[in-house]
Amino acid sequence: ESSVENRNLTIIGNSYDYQLDNNRYEGKLTGAISANHNLQATYIRNSTAEFDRASINTTFSIDEATLVDRTLPNDLFVANYNGVLTPELFVEAQYSQKQFGFRGTGGTSQTITDSPFLALGLSGGIPSFSHYNAPYFSSFDPENRDNRQYSAALSYFLSTGSVGRHDVKVGFENYTSSRTGGNSQSATGYVFRADPVTAGGQPVRDANGRMMPNFVPGVSRIENWISLQGAEINLRTLSLYLNDRWALNEHWTFNLGVRYEGHDTDATQAEVQSISSSAIVPRLGATFDVKGDGRWILQATYAHYAGKASETQFADNTNVGTPNFLQLTYSPTAPAGQGIGFAPGFDLNNYTVTGGNFPTSNVFLAEDLNTPVTKEWTLQAGTRLGERGEFKAIYSQRSTDSFLEDFITIPNGRTVVTRDGRNFGTFDNVVIQNTDIPFREYRSLQFVLNHRPFERFSLFGHYTLQLRNHGNFEGEAANQPGNYSIIMDRPEFYNEARHYPGGRLPNFQRHKLRMFTNLDLPMGRLGTATLGALYRYDSGQAFSFFASNVAITAAQLARNPGYARPPTSQTLFFGERGAGEYESAHLFDLALNYEIPLVKSWRPWFKAELRNVFNKQPLIGYNTTVTADASSPRDELGLATGYTRGSAFGTATADWDANFPHVPRPREFRFSLGFRF
C-alpha cells in the first residue's frame, strides 16, 4: 500500500509531499491436536517506509531541511494453544515475539553547522521547540524496541446449589521488553537552542536558502548529547492473577480479583544498578439485577491499576535511550551574530557548561522504586428500552499516587564526572523516587444510548461530561514518554504558583458528544443500501498561559544553597494551569454503504463518506506563545507577573494532520470498493 499526502510546514506554510509505503504480509496456521486441543500460529510482517517525514513531528517542523526518509521494520509472531481438560476445566497458553526498529530516522551529516536547531520561543512569533536547519536524531544510531511474552491460564467452572456459580481463572504472564540504542539526538552530537531571525513573523533565509539562527550572548544554548550506541536494557514484568466471577443468584453477581506485578531490569552496562519493584492490586465489582429480569442493572467497581514500568524511567540510570548530556550557554561576553556562517556561534570555546546529566554517574534510582498506582471506582445504572435498546449512566472517579519524579536536592549530593580521562566537572545528583506531591484527579459522568426504534433505523449516542480533570503534573508528551516535572528539582528556586500550579489539564474537555444513526434500505435482488449520519460535538480543550526559557532572576540565585549547577532558565506560568480554552467544534459526517448479492456468498460492496460536511474550521487549537512582560510588577522571586502575547497568538500554526491539530480535517470525500465472501 502506498499513499502520498500533501502537508504544510508549521509557521511558514510551505507544502511538501509526504509519502508512506506499507508492505504487509500475513500467514496463519490452525491445527487440532485432538478434538479438544487446538493450536494456532500467526506471522505478520508489517514494514513501513516514509519519505519526506518531519523528523520530530509536523507540529514543530518549520523547515524543509528537517525532513527525512526512514524505514520501520516490524515483525510479529504469535502461537496460541487452548484445550479442554474436563467439562469444567479449560487451559490456554500463548507465546508472542515482536521485533520493531527505526532506521534512517535522523541526520547523516556530522558537520557541526548541520546540527538541528530548536527555537527558544523568545522572538514572539516562533514557538519554543520549533525545529529547523537539520533533522533531529541520528541515522547512525538505529534503535530496536522488541518484546517477548509467555502466558498461561486455567479456567474452572463450579456450580453449586447454595452459593451460586463460580467462574475462576488463575494465570500468569511473563513479559520482557527490550530496548537497544543510544537515542542520539543528532548526527553531530549537538542540538542548538536559538530563535531564527524573523521579519513579519516569518523566518528569514540566507542566500543559500537556509534559515538564520540568531546567537544572543547569555541566552543561546547548546545541548551536547553523548550517546552510547548499541546500549541495551531488558525490562521484565511477571504478573500473577486470580479472578472469580461469582453469580450468587438471579440478583447478585460479584467479581473478586487480585493481581501481582513484579518488575526487574538488566542492562549491558556493568556499572548500572538493577532495579526491582512489585505491586499487589485488587479488582472488585458487584452487579445487582433489581428485578432479576435484566431490565434494571446497578453496578459498582473498585480497582487499582499499577502503571507500566517504562523503559524511559527504569532505564534512567543507563545510557539506553538516555545519552550523557551537557548543557552549554553562549557566553555573555561572546559576540552577537546571525546565520549559519557566523563562526563564533559554532565555536564551543564561546560556551560555558551550565548543566548536565550522566546517567551512570550522577543518576540513581531508589531501591524501593514502584510504578505509579491509579485508584478508580465507578457507579453504573442501566435499563433496557423495550426490546431494541438500552440506556446506561456511568459515574467514574480516579486518582493517581506514587508518581515517579527526579529529585535534585542538596541532601542528594554532587558527583565529579570523569569520562575517558576528561573531567566534565561537578554535577548535582539526581535520584528517581516515588512521591505524592504531583497529583492528577478525574471525575466524569457518561451516558450511553443504543436504540433501534424501528426495524430499519438505529440510533446511537455517547456523551461525556467531565466534572474534574485537574492536576499539577501532565506527564507524557508527544515523543516524550515518562516525563518528569520540575517538582523537587532544586526546589529552593521555585514555587508552586509560578512553576507547577494546579488546574485543568490539557485534555480537560467539559463536553464530548457523539450521535449517529443508520437507516437500512433493502432493495431485494438489487442489494441493500445503508445511510449513516454522525454528529460530533467537542467543547474547547484547556491550555495554560506560560512563557518558556525565562531567565533565572537574581532573587532566585540568592536562594541557592550550594548547587553545583544552578538552573539558568525556567518555564513560568501566569495564573492557574488550564486557564485558557480553545474553540468548540460542531461537525457532521455522512456515509453510504451499498452491497449487492451475486453468486452464493459473493457480494461486491461500495462505501462513500463525506466528512465535515459543512467544512467547519473552528480553532480547536492555536498558537499560545507568550513572553514575560519585563515592565510588569515582580513577585517575591523577582519574576514578572504579567505577560505579552506573541504576534501569532490565537492563530492556527499547525495543520489538521499535525499531532496537535489547530483545525479539524477539512471537508473530505472518501470511497472504497471491495468484495465480501
# chains A, B, ... in the order shown; residues from 1 in each chain; ligands from 1
>>> residues_around(residues="A:Thr10", least_positions_apart="2", cutoff="7 Å", atoms="only C-alpha atoms", output="MDAnalysis selection string")
chainID A and resid 8 12:13 58:62 653:654
>>> residues_around(residues="stretch 389-391 of chain A", least_positions_apart="3", cutoff="8 Å", atoms="only C-alpha atoms", output="number ranges by chain")
A: 382-386, 447-453
>>> write_last_selection(atoms="N, CA, C and O atoms", output="PDB file, in the first residue's frame")
ATOM      1  N   GLY A 382     -28.187   1.040  34.457  1.00  0.00           N
ATOM      2  CA  GLY A 382     -28.625   0.853  33.079  1.00  0.00           C
ATOM      3  C   GLY A 382     -29.988   0.206  33.024  1.00  0.00           C
ATOM      4  O   GLY A 382     -30.415  -0.489  33.952  1.00  0.00           O
ATOM      5  N   THR A 383     -30.695   0.457  31.928  1.00  0.00           N
ATOM      6  CA  THR A 383     -32.012  -0.129  31.736  1.00  0.00           C
ATOM      7  C   THR A 383     -32.227  -0.443  30.266  1.00  0.00           C
ATOM      8  O   THR A 383     -31.630   0.194  29.387  1.00  0.00           O
ATOM      9  N   ARG A 384     -33.070  -1.411  29.986  1.00  0.00           N
ATOM     10  CA  ARG A 384     -33.443  -1.731  28.627  1.00  0.00           C
ATOM     11  C   ARG A 384     -34.531  -0.777  28.163  1.00  0.00           C
ATOM     12  O   ARG A 384     -35.408  -0.377  28.930  1.00  0.00           O
ATOM     13  N   LEU A 385     -34.484  -0.414  26.889  1.00  0.00           N
ATOM     14  CA  LEU A 385     -35.528   0.396  26.260  1.00  0.00           C
ATOM     15  C   LEU A 385     -36.325  -0.526  25.353  1.00  0.00           C
ATOM     16  O   LEU A 385     -35.965  -0.757  24.197  1.00  0.00           O
ATOM     17  N   GLY A 386     -37.398  -1.102  25.908  1.00  0.00           N
ATOM     18  CA  GLY A 386     -38.162  -2.068  25.150  1.00  0.00           C
ATOM     19  C   GLY A 386     -37.315  -3.295  24.864  1.00  0.00           C
ATOM     20  O   GLY A 386     -36.534  -3.764  25.684  1.00  0.00           O
ATOM     21  N   PHE A 447     -23.034   8.976  29.512  1.00  0.00           N
ATOM     22  CA  PHE A 447     -24.359   8.485  29.169  1.00  0.00           C
ATOM     23  C   PHE A 447     -24.270   7.789  27.814  1.00  0.00           C
ATOM     24  O   PHE A 447     -23.748   8.374  26.851  1.00  0.00           O
ATOM     25  N   VAL A 448     -24.756   6.555  27.749  1.00  0.00           N
ATOM     26  CA  VAL A 448     -24.663   5.745  26.540  1.00  0.00           C
ATOM     27  C   VAL A 448     -26.060   5.321  26.111  1.00  0.00           C
ATOM     28  O   VAL A 448     -26.835   4.793  26.921  1.00  0.00           O
ATOM     29  N   LEU A 449     -26.393   5.568  24.851  1.00  0.00           N
ATOM     30  CA  LEU A 449     -27.703   5.215  24.293  1.00  0.00           C
ATOM     31  C   LEU A 449     -27.504   4.321  23.081  1.00  0.00           C
ATOM     32  O   LEU A 449     -26.677   4.609  22.212  1.00  0.00           O
ATOM     33  N   ASN A 450     -28.264   3.241  23.036  1.00  0.00           N
ATOM     34  CA  ASN A 450     -28.248   2.324  21.901  1.00  0.00           C
ATOM     35  C   ASN A 450     -29.689   1.891  21.686  1.00  0.00           C
ATOM     36  O   ASN A 450     -30.258   1.151  22.491  1.00  0.00           O
ATOM     37  N   HIS A 451     -30.307   2.372  20.595  1.00  0.00           N
ATOM     38  CA  HIS A 451     -31.736   2.136  20.427  1.00  0.00           C
ATOM     39  C   HIS A 451     -32.080   1.958  18.955  1.00  0.00           C
ATOM     40  O   HIS A 451     -31.526   2.646  18.090  1.00  0.00           O
ATOM     41  N   ARG A 452     -32.985   1.018  18.709  1.00  0.00           N
ATOM     42  CA  ARG A 452     -33.493   0.812  17.364  1.00  0.00           C
ATOM     43  C   ARG A 452     -35.019   0.928  17.415  1.00  0.00           C
ATOM     44  O   ARG A 452     -35.738  -0.064  17.567  1.00  0.00           O
ATOM     45  N   PRO A 453     -35.542   2.166  17.301  1.00  0.00           N
ATOM     46  CA  PRO A 453     -36.993   2.361  17.431  1.00  0.00           C
ATOM     47  C   PRO A 453     -37.785   1.691  16.323  1.00  0.00           C
ATOM     48  O   PRO A 453     -38.950   1.343  16.525  1.00  0.00           O
TER      49      PRO A 453
END
>>> residues_around(residues="A:Pro203", least_positions_apart="4", cutoff="12 Å", atoms="only C-alpha atoms", output="PyMOL selection string")
chain A and resi 10-13+62-63+119+123-127+130-133+195-199+209-214+339
>>> closest_residue(among="A:Phe314, A:Tyr241, A:Phe90, A:Tyr18", to="A:Ile280", atoms="only C-alpha atoms")
A:Tyr241
>>> closest_residue(among="A:Leu9, A:Leu256, A:Val219, A:Met523", to="A:Ala334", atoms="only C-alpha atoms")
A:Val219
>>> closest_residue(among="A:Glu496, A:Glu232, A:Glu250, A:Asp289", to="A:Asn319", atoms="only C-alpha atoms")
A:Glu232
>>> residues_around(residues="A:Ser631", least_positions_apart="6", cutoff="12 Å", atoms="only C-alpha atoms", output="list of chain:residue names")
A:Gly638, A:Leu639, A:Ala640, A:Thr641, A:Gly642, A:Tyr643, A:Thr644
>>> write_last_selection(atoms="all heavy atoms", output="compact mmCIF listing (two decimals), in the first residue's frame")
# COMPACT_ATOMS: atom_id res chain seq x y z
N GLY A 638 11.26 37.74 42.16
CA GLY A 638 11.77 38.67 41.16
C GLY A 638 11.25 38.39 39.76
O GLY A 638 11.82 38.88 38.77
N LEU A 639 10.18 37.60 39.65
CA LEU A 639 9.64 37.20 38.35
C LEU A 639 8.49 38.09 37.93
O LEU A 639 7.65 38.49 38.76
CB LEU A 639 9.16 35.74 38.42
CG LEU A 639 10.25 34.71 38.71
CD1 LEU A 639 9.63 33.37 39.11
CD2 LEU A 639 11.15 34.53 37.50
N ALA A 640 8.44 38.39 36.63
CA ALA A 640 7.37 39.23 36.10
C ALA A 640 6.02 38.56 36.31
O ALA A 640 5.87 37.35 36.11
CB ALA A 640 7.61 39.49 34.61
N THR A 641 5.02 39.33 36.71
CA THR A 641 3.68 38.78 36.94
C THR A 641 2.77 38.98 35.74
O THR A 641 1.66 38.43 35.71
CB THR A 641 3.04 39.45 38.17
OG1 THR A 641 3.02 40.87 37.98
CG2 THR A 641 3.82 39.12 39.43
N GLY A 642 3.22 39.74 34.75
CA GLY A 642 2.42 39.95 33.54
C GLY A 642 3.09 39.33 32.33
O GLY A 642 4.26 38.96 32.36
N TYR A 643 2.32 39.20 31.25
CA TYR A 643 2.86 38.60 30.03
C TYR A 643 2.39 39.36 28.81
O TYR A 643 1.42 40.13 28.85
CB TYR A 643 2.45 37.12 29.92
CG TYR A 643 0.96 36.89 29.80
CD1 TYR A 643 0.32 36.92 28.56
CD2 TYR A 643 0.19 36.64 30.94
CE1 TYR A 643 -1.04 36.71 28.46
CE2 TYR A 643 -1.17 36.43 30.84
CZ TYR A 643 -1.78 36.46 29.60
OH TYR A 643 -3.14 36.26 29.50
N THR A 644 3.10 39.14 27.71
CA THR A 644 2.76 39.74 26.42
C THR A 644 2.50 38.61 25.44
O THR A 644 3.31 37.68 25.33
CB THR A 644 3.91 40.62 25.91
OG1 THR A 644 4.18 41.64 26.87
CG2 THR A 644 3.54 41.25 24.57
